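Student: Provided below: start.csv, containing CSV, C-alpha atoms and all ligand atoms.
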```
chain,number,residue,atom,x,y,z
A,1,MET,CA,81.8,93.6,147.7
A,2,ASP,CA,82.7,96.5,145.4
A,3,LYS,CA,82.5,95.1,141.8
A,4,SER,CA,85.0,97.7,140.5
A,5,ASN,CA,87.7,95.9,142.6
A,6,ILE,CA,86.9,92.6,140.9
A,7,LYS,CA,87.3,94.3,137.4
A,8,SER,CA,90.7,95.7,138.4
A,9,LEU,CA,91.8,92.1,139.3
A,10,VAL,CA,91.1,91.0,135.7
A,11,ARG,CA,94.3,91.5,133.9
A,12,MET,CA,94.5,93.3,130.6
A,13,ALA,CA,95.4,90.2,128.6
A,14,GLN,CA,92.2,88.4,129.8
A,15,GLN,CA,90.0,91.3,128.7
A,16,ALA,CA,91.6,91.7,125.3
A,17,ASP,CA,90.1,90.4,122.0
A,18,ARG,CA,92.8,88.7,120.0
A,19,HIS,CA,91.2,89.7,116.7
A,20,VAL,CA,91.1,93.4,117.6
A,21,LEU,CA,94.8,93.2,118.6
A,22,TYR,CA,95.7,91.4,115.4
A,23,GLN,CA,93.8,93.9,113.1
A,24,LYS,CA,95.5,96.8,114.9
A,25,SER,CA,99.0,95.4,114.8
A,26,VAL,CA,99.4,93.6,111.5
A,27,GLN,CA,96.8,94.7,109.1
A,28,ALA,CA,97.0,97.8,106.8
A,29,PRO,CA,94.1,97.3,104.4
A,30,GLU,CA,94.1,100.9,103.0
A,31,THR,CA,97.7,100.7,101.9
A,32,GLU,CA,97.2,97.2,100.4
A,33,ILE,CA,94.0,98.2,98.5
A,34,GLU,CA,95.7,101.3,97.1
A,35,LEU,CA,98.6,99.1,95.9
A,36,MET,CA,96.3,96.5,94.4
A,37,ILE,CA,94.3,99.1,92.5
A,38,GLU,CA,97.3,101.0,91.2
A,39,THR,CA,99.2,97.9,90.2
A,40,TYR,CA,96.2,96.4,88.5
A,41,ARG,CA,95.8,99.6,86.5
A,42,GLU,CA,99.5,99.5,85.6
A,43,ILE,CA,99.2,95.9,84.4
A,44,ARG,CA,95.7,96.1,82.7
A,45,GLY,CA,95.0,99.8,82.0
A,46,TRP,CA,91.8,100.0,84.1
A,47,GLU,CA,90.8,99.5,87.7
A,48,PRO,CA,89.5,96.2,89.3
A,49,ILE,CA,86.0,96.0,90.6
A,50,SER,CA,85.6,92.5,92.1
A,51,LEU,CA,87.9,91.0,94.8
A,52,ARG,CA,88.3,87.6,96.4
A,53,GLU,CA,90.2,87.7,99.7
A,54,ASP,CA,91.5,84.2,100.3
A,55,PHE,CA,92.4,83.3,103.9
A,56,CYS,CA,90.3,86.3,104.8
A,57,GLY,CA,90.2,85.7,108.6
A,58,THR,CA,88.0,88.6,109.8
A,59,ALA,CA,87.5,90.0,106.3
A,60,LEU,CA,88.7,93.4,107.2
A,61,LEU,CA,90.3,93.9,103.8
A,62,ALA,CA,87.2,92.6,101.9
A,63,THR,CA,85.1,95.1,103.8
A,64,GLU,CA,87.4,98.0,103.3
A,65,TRP,CA,87.5,97.2,99.5
A,66,CYS,CA,83.8,97.6,99.2
A,67,LYS,CA,84.0,101.0,101.0
A,68,THR,CA,86.3,102.4,98.3
A,69,ASP,CA,83.6,102.4,95.5
A,70,PRO,CA,79.9,101.7,95.5
A,71,GLN,CA,80.4,99.3,92.6
A,72,ARG,CA,83.0,97.2,94.3
A,73,THR,CA,82.2,93.7,95.5
A,74,ALA,CA,84.2,91.2,97.6
A,75,GLN,CA,84.1,87.6,98.6
A,76,GLY,CA,86.1,86.5,101.7
A,77,VAL,CA,87.1,82.8,102.0
A,78,ASP,CA,88.3,81.2,105.1
A,79,LEU,CA,88.1,77.7,106.7
A,80,ASP,CA,87.3,79.0,110.2
A,81,GLN,CA,83.6,79.8,110.8
A,82,ALA,CA,84.2,81.4,114.2
A,83,THR,CA,86.6,83.9,112.7
A,84,LEU,CA,84.3,84.6,109.8
A,85,ASP,CA,81.4,85.2,112.4
A,86,TRP,CA,83.6,87.6,114.3
A,87,GLY,CA,84.4,89.4,111.1
A,88,ARG,CA,80.8,89.6,110.0
A,89,GLU,CA,79.7,91.1,113.3
A,90,HIS,CA,82.6,93.6,113.9
A,91,ASN,CA,83.7,94.5,110.3
A,92,VAL,CA,81.0,93.7,107.7
A,93,LEU,CA,77.8,94.6,109.5
A,94,ASP,CA,79.5,97.6,111.2
A,95,ALA,CA,80.2,99.0,107.7
A,96,GLY,CA,76.4,99.5,107.1
A,97,ASP,CA,73.8,97.9,104.9
A,98,ASP,CA,75.1,99.0,101.5
A,99,VAL,CA,78.7,97.8,102.1
A,100,ALA,CA,77.5,94.6,103.9
A,101,SER,CA,75.3,93.7,100.9
A,102,ARG,CA,78.4,93.6,98.7
A,103,VAL,CA,80.6,91.4,101.0
A,104,GLU,CA,80.1,87.7,100.8
A,105,LEU,CA,81.8,85.4,103.3
A,106,VAL,CA,82.3,81.8,102.5
A,107,CYS,CA,83.5,79.1,104.9
A,108,GLU,CA,85.4,76.8,102.6
A,109,ASN,CA,88.9,75.7,101.6
A,110,VAL,CA,90.5,78.2,99.2
A,111,LEU,CA,91.3,75.2,97.0
A,112,LYS,CA,87.6,74.7,96.3
A,113,VAL,CA,86.2,78.2,95.7
A,114,GLN,CA,86.3,79.5,92.0
A,115,GLN,CA,83.0,81.2,91.7
A,116,PRO,CA,82.1,84.0,91.0
A,117,LYS,CA,85.1,84.8,88.9
A,118,VAL,CA,86.8,88.0,90.1
A,119,ASP,CA,89.2,90.7,88.8
A,120,ILE,CA,91.7,90.3,91.6
A,121,THR,CA,92.4,87.8,94.3
A,122,CYS,CA,94.6,88.5,97.3
A,123,ALA,CA,96.2,86.0,99.7
A,124,PHE,CA,97.8,88.1,102.5
A,125,ASN,CA,99.6,87.7,105.7
A,126,PHE,CA,101.7,85.0,104.1
A,127,SER,CA,98.9,82.4,104.4
A,128,PHE,CA,99.9,80.4,101.3
A,129,ASN,CA,103.0,79.3,103.3
A,130,GLY,CA,100.6,76.8,105.0
A,131,PHE,CA,100.8,74.8,101.8
A,132,LYS,CA,104.0,72.8,102.3
A,133,THR,CA,104.6,70.8,99.1
A,134,ARG,CA,104.9,71.9,95.5
A,135,GLU,CA,101.8,69.8,94.7
A,136,GLN,CA,99.7,71.6,97.3
A,137,LEU,CA,100.9,75.1,96.4
A,138,LEU,CA,100.5,74.4,92.6
A,139,ALA,CA,97.0,73.2,93.3
A,140,TYR,CA,96.2,76.5,95.1
A,141,PHE,CA,97.7,78.7,92.4
A,142,GLU,CA,95.7,76.7,89.7
A,143,ALA,CA,92.5,77.1,91.7
A,144,ALA,CA,93.2,80.8,92.2
A,145,ARG,CA,93.8,81.2,88.4
A,146,LYS,CA,90.5,79.4,87.6
A,147,GLY,CA,88.7,81.7,89.9
A,148,LEU,CA,89.9,84.8,88.0
A,149,ASN,CA,88.4,86.6,85.0
A,150,ASP,CA,90.4,86.5,81.7
A,151,ASN,CA,92.1,89.7,82.8
A,152,GLY,CA,92.5,88.7,86.4
A,153,VAL,CA,95.4,89.2,88.8
A,154,LEU,CA,96.5,87.3,91.9
A,155,VAL,CA,98.5,89.1,94.5
A,156,LEU,CA,100.5,87.6,97.4
A,157,ASP,CA,102.5,89.2,100.1
A,158,VAL,CA,105.9,87.5,100.6
A,159,TYR,CA,108.1,87.5,103.6
A,160,GLY,CA,111.9,87.1,103.4
A,161,GLY,CA,115.3,88.5,104.3
A,162,THR,CA,118.3,87.2,106.2
A,163,GLU,CA,116.4,87.2,109.6
A,164,SER,CA,113.4,85.3,108.2
A,165,MET,CA,115.5,82.2,108.4
A,166,ASP,CA,116.5,82.6,112.1
A,167,GLU,CA,115.1,82.3,115.6
A,168,VAL,CA,113.8,85.8,116.4
A,169,GLU,CA,111.7,87.5,119.0
A,170,GLU,CA,110.9,91.1,118.1
A,171,GLU,CA,108.8,93.6,119.9
A,172,ARG,CA,107.0,96.5,118.4
A,173,GLU,CA,104.9,99.2,120.1
A,174,VAL,CA,101.7,99.7,118.2
A,175,ASP,CA,100.9,103.4,117.5
A,176,ASP,CA,98.3,104.9,119.9
A,177,GLU,CA,97.6,101.5,121.5
A,178,ASP,CA,98.4,100.3,125.0
A,179,PHE,CA,99.9,96.9,124.0
A,180,THR,CA,103.1,95.6,122.5
A,181,TYR,CA,103.1,93.2,119.5
A,182,ILE,CA,105.6,90.4,119.6
A,183,TRP,CA,106.7,88.4,116.5
A,184,HIS,CA,108.3,85.2,117.5
A,185,GLN,CA,110.0,82.8,115.1
A,186,GLU,CA,110.5,79.8,117.3
A,187,SER,CA,112.4,77.6,114.8
A,188,PHE,CA,113.6,77.5,111.2
A,189,ASN,CA,114.7,74.3,109.5
A,190,PRO,CA,117.0,75.0,106.6
A,191,ILE,CA,116.5,71.5,105.2
A,192,ASP,CA,112.8,71.9,104.5
A,193,HIS,CA,112.3,75.6,105.3
A,194,ALA,CA,109.8,74.7,108.0
A,195,LEU,CA,109.2,77.9,110.0
A,196,LYS,CA,107.2,77.8,113.3
A,197,CYS,CA,106.2,81.2,114.6
A,198,HIS,CA,103.8,82.9,116.9
A,199,ILE,CA,102.2,86.3,117.7
A,200,HIS,CA,102.2,87.3,121.4
A,201,PHE,CA,100.8,90.5,122.9
A,202,ALA,CA,102.1,92.2,126.1
A,203,PHE,CA,100.3,94.7,128.2
A,204,PRO,CA,101.3,97.6,130.5
A,205,ASP,CA,100.1,95.7,133.6
A,206,GLY,CA,102.6,93.0,132.9
A,207,SER,CA,100.1,90.4,131.6
A,208,ARG,CA,100.7,88.7,128.2
A,209,LEU,CA,98.5,86.9,125.7
A,210,ASN,CA,101.0,84.2,124.6
A,211,ARG,CA,100.6,82.4,121.3
A,212,ALA,CA,97.5,84.4,120.4
A,213,PHE,CA,98.2,83.1,116.8
A,214,SER,CA,100.6,80.4,115.8
A,215,TYR,CA,101.7,79.4,112.3
A,216,ASP,CA,103.3,76.3,110.9
A,217,TRP,CA,104.7,77.3,107.6
A,218,ARG,CA,107.1,76.4,104.8
A,219,LEU,CA,108.9,79.6,104.0
A,220,TRP,CA,108.6,79.8,100.2
A,221,THR,CA,111.1,82.0,98.3
A,222,LEU,CA,110.3,84.4,95.5
A,223,PRO,CA,111.9,82.3,92.7
A,224,GLU,CA,110.0,79.2,93.8
A,225,LEU,CA,106.8,81.2,93.9
A,226,ARG,CA,107.3,82.7,90.5
A,227,GLU,CA,108.1,79.4,88.9
A,228,LEU,CA,105.0,77.7,90.4
A,229,LEU,CA,102.8,80.6,89.3
A,230,HIS,CA,104.0,80.2,85.8
A,231,ASP,CA,103.5,76.4,86.0
A,232,ALA,CA,99.9,77.2,87.2
A,233,GLY,CA,99.3,79.1,84.0
A,234,PHE,CA,99.9,82.7,84.9
A,235,SER,CA,101.5,84.6,82.0
A,236,SER,CA,103.6,87.1,83.9
A,237,THR,CA,104.7,87.8,87.5
A,238,HIS,CA,105.8,91.2,88.9
A,239,VAL,CA,107.6,91.8,92.2
A,240,TYR,CA,106.9,95.1,94.0
A,241,TRP,CA,109.3,96.3,96.7
A,242,GLU,CA,108.9,99.1,99.2
A,243,GLU,CA,111.0,102.2,98.6
A,244,PHE,CA,113.2,103.3,101.5
A,245,GLU,CA,114.6,106.6,102.6
A,246,ASP,CA,117.7,107.2,104.6
A,247,THR,CA,116.5,109.0,107.7
A,248,ASP,CA,119.6,108.9,109.9
A,249,GLU,CA,123.0,109.1,108.1
A,250,GLU,CA,124.9,108.1,111.2
A,251,ASP,CA,123.7,104.5,111.7
A,252,ASP,CA,122.5,104.1,108.1
A,253,TYR,CA,118.9,103.4,109.2
A,254,LEU,CA,116.5,103.0,106.3
A,255,GLU,CA,112.8,103.7,106.8
A,256,GLY,CA,110.0,102.4,104.6
A,257,THR,CA,108.0,105.1,102.7
A,258,GLY,CA,104.9,103.0,102.0
A,259,ASN,CA,105.5,103.4,98.2
A,260,TYR,CA,106.2,100.3,96.2
A,261,ARG,CA,107.8,99.9,92.7
A,262,GLU,CA,108.4,97.0,90.4
A,263,VAL,CA,112.0,95.6,90.7
A,264,ASP,CA,114.0,92.9,89.0
A,265,ALA,CA,117.1,93.1,91.3
A,266,ILE,CA,117.5,94.5,94.8
A,267,ASP,CA,119.9,94.3,97.8
A,268,ASN,CA,118.8,91.8,100.4
A,269,GLN,CA,117.7,93.1,103.8
A,270,GLU,CA,117.4,91.7,107.3
A,271,SER,CA,113.7,91.4,106.8
A,272,TRP,CA,111.3,92.5,104.0
A,273,ILE,CA,107.8,92.1,102.8
A,274,SER,CA,107.2,92.3,99.1
A,275,TYR,CA,104.1,91.9,96.9
A,276,LEU,CA,104.1,89.4,94.1
A,277,PHE,CA,101.5,90.1,91.3
A,278,ALA,CA,100.6,87.3,88.9
A,279,ALA,CA,98.6,88.1,85.8
A,280,VAL,CA,96.4,85.5,84.0
A,301,LIG,C1,97.3,84.4,108.9
A,301,LIG,S1,95.5,84.3,108.9
A,301,LIG,C2,95.3,85.6,107.7
A,301,LIG,C3,94.1,86.5,108.0
A,301,LIG,C4,94.0,87.6,107.0
A,301,LIG,N1,94.1,87.1,105.6
A,301,LIG,C5,95.0,88.7,107.1
A,301,LIG,O1,95.5,89.2,106.2
A,301,LIG,O2,95.2,89.1,108.2
A,301,LIG,C6,95.3,82.8,108.1
A,301,LIG,C7,93.8,82.4,107.9
A,301,LIG,O3,93.8,81.4,106.9
A,301,LIG,C8,92.8,80.5,107.2
A,301,LIG,N2,93.1,79.3,106.4
A,301,LIG,C9,94.2,78.5,106.5
A,301,LIG,N3,94.2,77.5,105.5
A,301,LIG,C10,93.1,77.7,104.8
A,301,LIG,C11,92.6,77.1,103.6
A,301,LIG,N4,93.2,76.0,103.1
A,301,LIG,N5,91.4,77.6,103.1
A,301,LIG,C12,90.8,78.7,103.7
A,301,LIG,N6,91.3,79.3,104.8
A,301,LIG,C13,92.4,78.9,105.3
A,301,LIG,C14,92.8,80.4,108.7
A,301,LIG,O4,91.6,79.9,109.1
A,301,LIG,C15,93.2,81.8,109.1
A,301,LIG,O5,92.0,82.5,109.4
```
Translate this file's structure into structure tokens.
Ligand SMILES: C[S@@+](CC[C@H](N)C(=O)[O-])C[C@H]1O[C@@H](n2cnc3c(N)ncnc32)[C@H](O)[C@@H]1O
Tutor:
Amino acid sequence: MDKSNIKSLVRMAQQADRHVLYQKSVQAPETEIELMIETYREIRGWEPISLREDFCGTALLATEWCKTDPQRTAQGVDLDQATLDWGREHNVLDAGDDVASRVELVCENVLKVQQPKVDITCAFNFSFNGFKTREQLLAYFEAARKGLNDNGVLVLDVYGGTESMDEVEEEREVDDEDFTYIWHQESFNPIDHALKCHIHFAFPDGSRLNRAFSYDWRLWTLPELRELLHDAGFSSTHVYWEEFEDTDEEDDYLEGTGNYREVDAIDNQESWISYLFAAV
């Protein structure tokens, strides 16, 4: 039997690697690293060297961090050994010996890792929303603060907007890729802010990778986060918002520029991602 026929029977979703799809559709390490370095410089007056990537998953960002400067070091922390192993093979080792020697991956709860102390810690892709009570989130912020140098900074990405509290299924074509990313908010409970959501992927041959990733979150708001960060001992917090430009006057469509600036007040939007910096 012709083996090429067998291969064509295997649908695209079965051949896909969910970590590759995730990295291509939701991660933008270069933009986030630039923002972290620039904002740290604004707050402290010099550039950070050492990074801890909490909830690092495949440690793409930790690896990219070490590529930006031969002095930079990074520690990635995640509970899931299989995901860390994937990241070591596909990201860390792929970056070459020098970069790989400066990336440490630790399979541990972020509540427990405080050594070595670092200049900047990031917790991205909204992962802190997995802590559902004030006690748990405060414990995380306290642990993160203890793991920072005296001039350290913690940075979180925060999701919000009127649509963040709704049932939503939103498709997005991924640039130059042959798959569609689907963000699915299955349910939101306004009583306790429980938000259940999934990432699905769809392919041109009609196949789908349903629930490639699922999240069970409490959707924390910016004022709650800022209060808890101050309770955890951070001395100041700074909200950075993406600047938008009006690209089409007729339907008033605003497009993100990729530039962020510190804000104290802003019009709400259907959906937004901001960055919250907390200085020790
Ligand atoms: C949404 S993924 C984020 C991956 C990556 N940070 C990113 O930006 O794409 C969440 C990750 O957090 C990890 N995780 C969840 N709770 C954790 C905890 N308490 N300590 C360490 N890792 C945790 C999961 O194993 C998962 O890999």
Student: Provide the atom CA of A:Lys117 to atom O3 of ligand LIG 301 (chain A) distance in Å, to one decimal place.
Tutor: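 Between atom CA of A:Lys117 and atom O3 of ligand LIG 301 (chain A) the gap is 20.3 Å.
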Student: Ligand LIG 301 (chain A): which residues are within 6 Å, counting all atoms listed in the file, as a list of chain:residue names?
Tutor: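 Going residue by residue within 6 Å of ligand LIG 301 (chain A), we get A:Gln27, A:Phe55, A:Cys56, A:Gly57, A:Val77, A:Asp78, A:Leu79, A:Asp80, A:Glu108, A:Asn109, A:Val110, A:Phe124, A:Asn125, A:Ser127.
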Student: Name the closest residue to A:Gly256 among the candidates A:Ile273, A:Ile182, A:Ile120, A:Leu229; distances are taken between atoms, counting all atoms listed in the file.
Tutor: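 Nearest candidate to A:Gly256 out of A:Ile273, A:Ile182, A:Ile120, A:Leu229: A:Ile273.
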Student: Within 10 Å of (107.0, 97.7, 114.6), in the coordinates the file gives, what residues turn up when you count all atoms listed in the file, written out as a list in words?
Tutor: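 It turns out the residues near that spot are Ser25, Val26, Glu170, Glu171, Arg172, Glu173, Val174, Asp175, Thr180, Tyr181, Ile182 and Trp183 of chain A.
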Student: Hey, can you check how far atom CA of A:Asp150 sits from atom CA of A:Trp46?
Tutor: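 Atom-to-atom, atom CA of A:Asp150 and atom CA of A:Trp46 are spaced 13.8 Å apart.
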Student: Excluding stretch 59-67 of chain A and its own-chain neighbours fewer than 4 positions away, which residues fall within 7 Å of it when counting only C-alpha atoms? Please give them as a list in words.
Tutor: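 Result of the neighbour search: Pro29, Ile33, Glu53, Arg72, Thr73, Ala74, Gln75, Gly76, Gly87, Asn91, Val92, Val99, Arg102 and Val103 of chain A.
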Student: Could the residues in this selection be saved with C-alpha atoms as a PDB file, in the coordinates of the input?
Tutor:
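Result went into result-v5.pdb, see below:
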```
ATOM      1  CA  PRO A  29      94.100  97.300 104.400  1.00  0.00           C
ATOM      2  CA  ILE A  33      94.000  98.200  98.500  1.00  0.00           C
ATOM      3  CA  GLU A  53      90.200  87.700  99.700  1.00  0.00           C
ATOM      4  CA  ARG A  72      83.000  97.200  94.300  1.00  0.00           C
ATOM      5  CA  THR A  73      82.200  93.700  95.500  1.00  0.00           C
ATOM      6  CA  ALA A  74      84.200  91.200  97.600  1.00  0.00           C
ATOM      7  CA  GLN A  75      84.100  87.600  98.600  1.00  0.00           C
ATOM      8  CA  GLY A  76      86.100  86.500 101.700  1.00  0.00           C
ATOM      9  CA  GLY A  87      84.400  89.400 111.100  1.00  0.00           C
ATOM     10  CA  ASN A  91      83.700  94.500 110.300  1.00  0.00           C
ATOM     11  CA  VAL A  92      81.000  93.700 107.700  1.00  0.00           C
ATOM     12  CA  VAL A  99      78.700  97.800 102.100  1.00  0.00           C
ATOM     13  CA  ARG A 102      78.400  93.600  98.700  1.00  0.00           C
ATOM     14  CA  VAL A 103      80.600  91.400 101.000  1.00  0.00           C
TER      15      VAL A 103
END
```
Student: For stretch 236-242 of chain A, please output as a list of chain:residue names all residues within 9 Å (counting all atoms listed in the file; exclusion window: fewer than 4 positions along the same chain).
Tutor: A:Leu222, A:Arg226, A:Leu229, A:His230, A:Gly256, A:Thr257, A:Gly258, A:Asn259, A:Tyr260, A:Arg261, A:Glu262, A:Val263, A:Asp264, A:Ile266, A:Trp272, A:Ile273, A:Ser274, A:Tyr275, A:Leu276, A:Phe277, A:Ala278, A:Ala279, A:Val280
Student: What is the atom CA of A:Leu154-atom CA of A:Thr121 distance in Å, reported with one decimal?
Tutor: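 Atom-to-atom, atom CA of A:Leu154 and atom CA of A:Thr121 are spaced 4.8 Å apart.
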Student: Find the residues around A:Asp231 up to 12 Å (only C-alpha atoms counted), leave out those fewer than 6 positions away in its own chain, and share them as a ChimeraX atom specification.
Tutor: /A:134-135,137-142,145,224-225,237,278,280
Student: Would you mind telling me which residue in A:Cys107, A:Phe244, A:Arg218, A:Val153 lies nearest to A:Gln136 when using all atoms listed in the file?
Tutor: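 The closest residue to A:Gln136 is A:Arg218.
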Student: Do you know which residues are at most 9 Å from A:Ile199 counting only C-alpha atoms, after dropping those on the same chain fewer than 4 positions away, and could you put them as a VMD selection string?
Tutor: chain A and resid 22 181 to 185 209 to 215
Student: Out of A:Thr39, A:Thr133, A:Phe188, A:Ser235, which residue has the shortest atom-to-atom distance to A:Val168 when counting all atoms listed in the file?
Tutor: A:Phe188
Student: Which residue out of A:Glu186, A:Glu32, A:Glu227, A:Asp94 has the minimum interatomic distance to A:His200 when all atoms listed in the file are used?
Tutor: A:Glu186
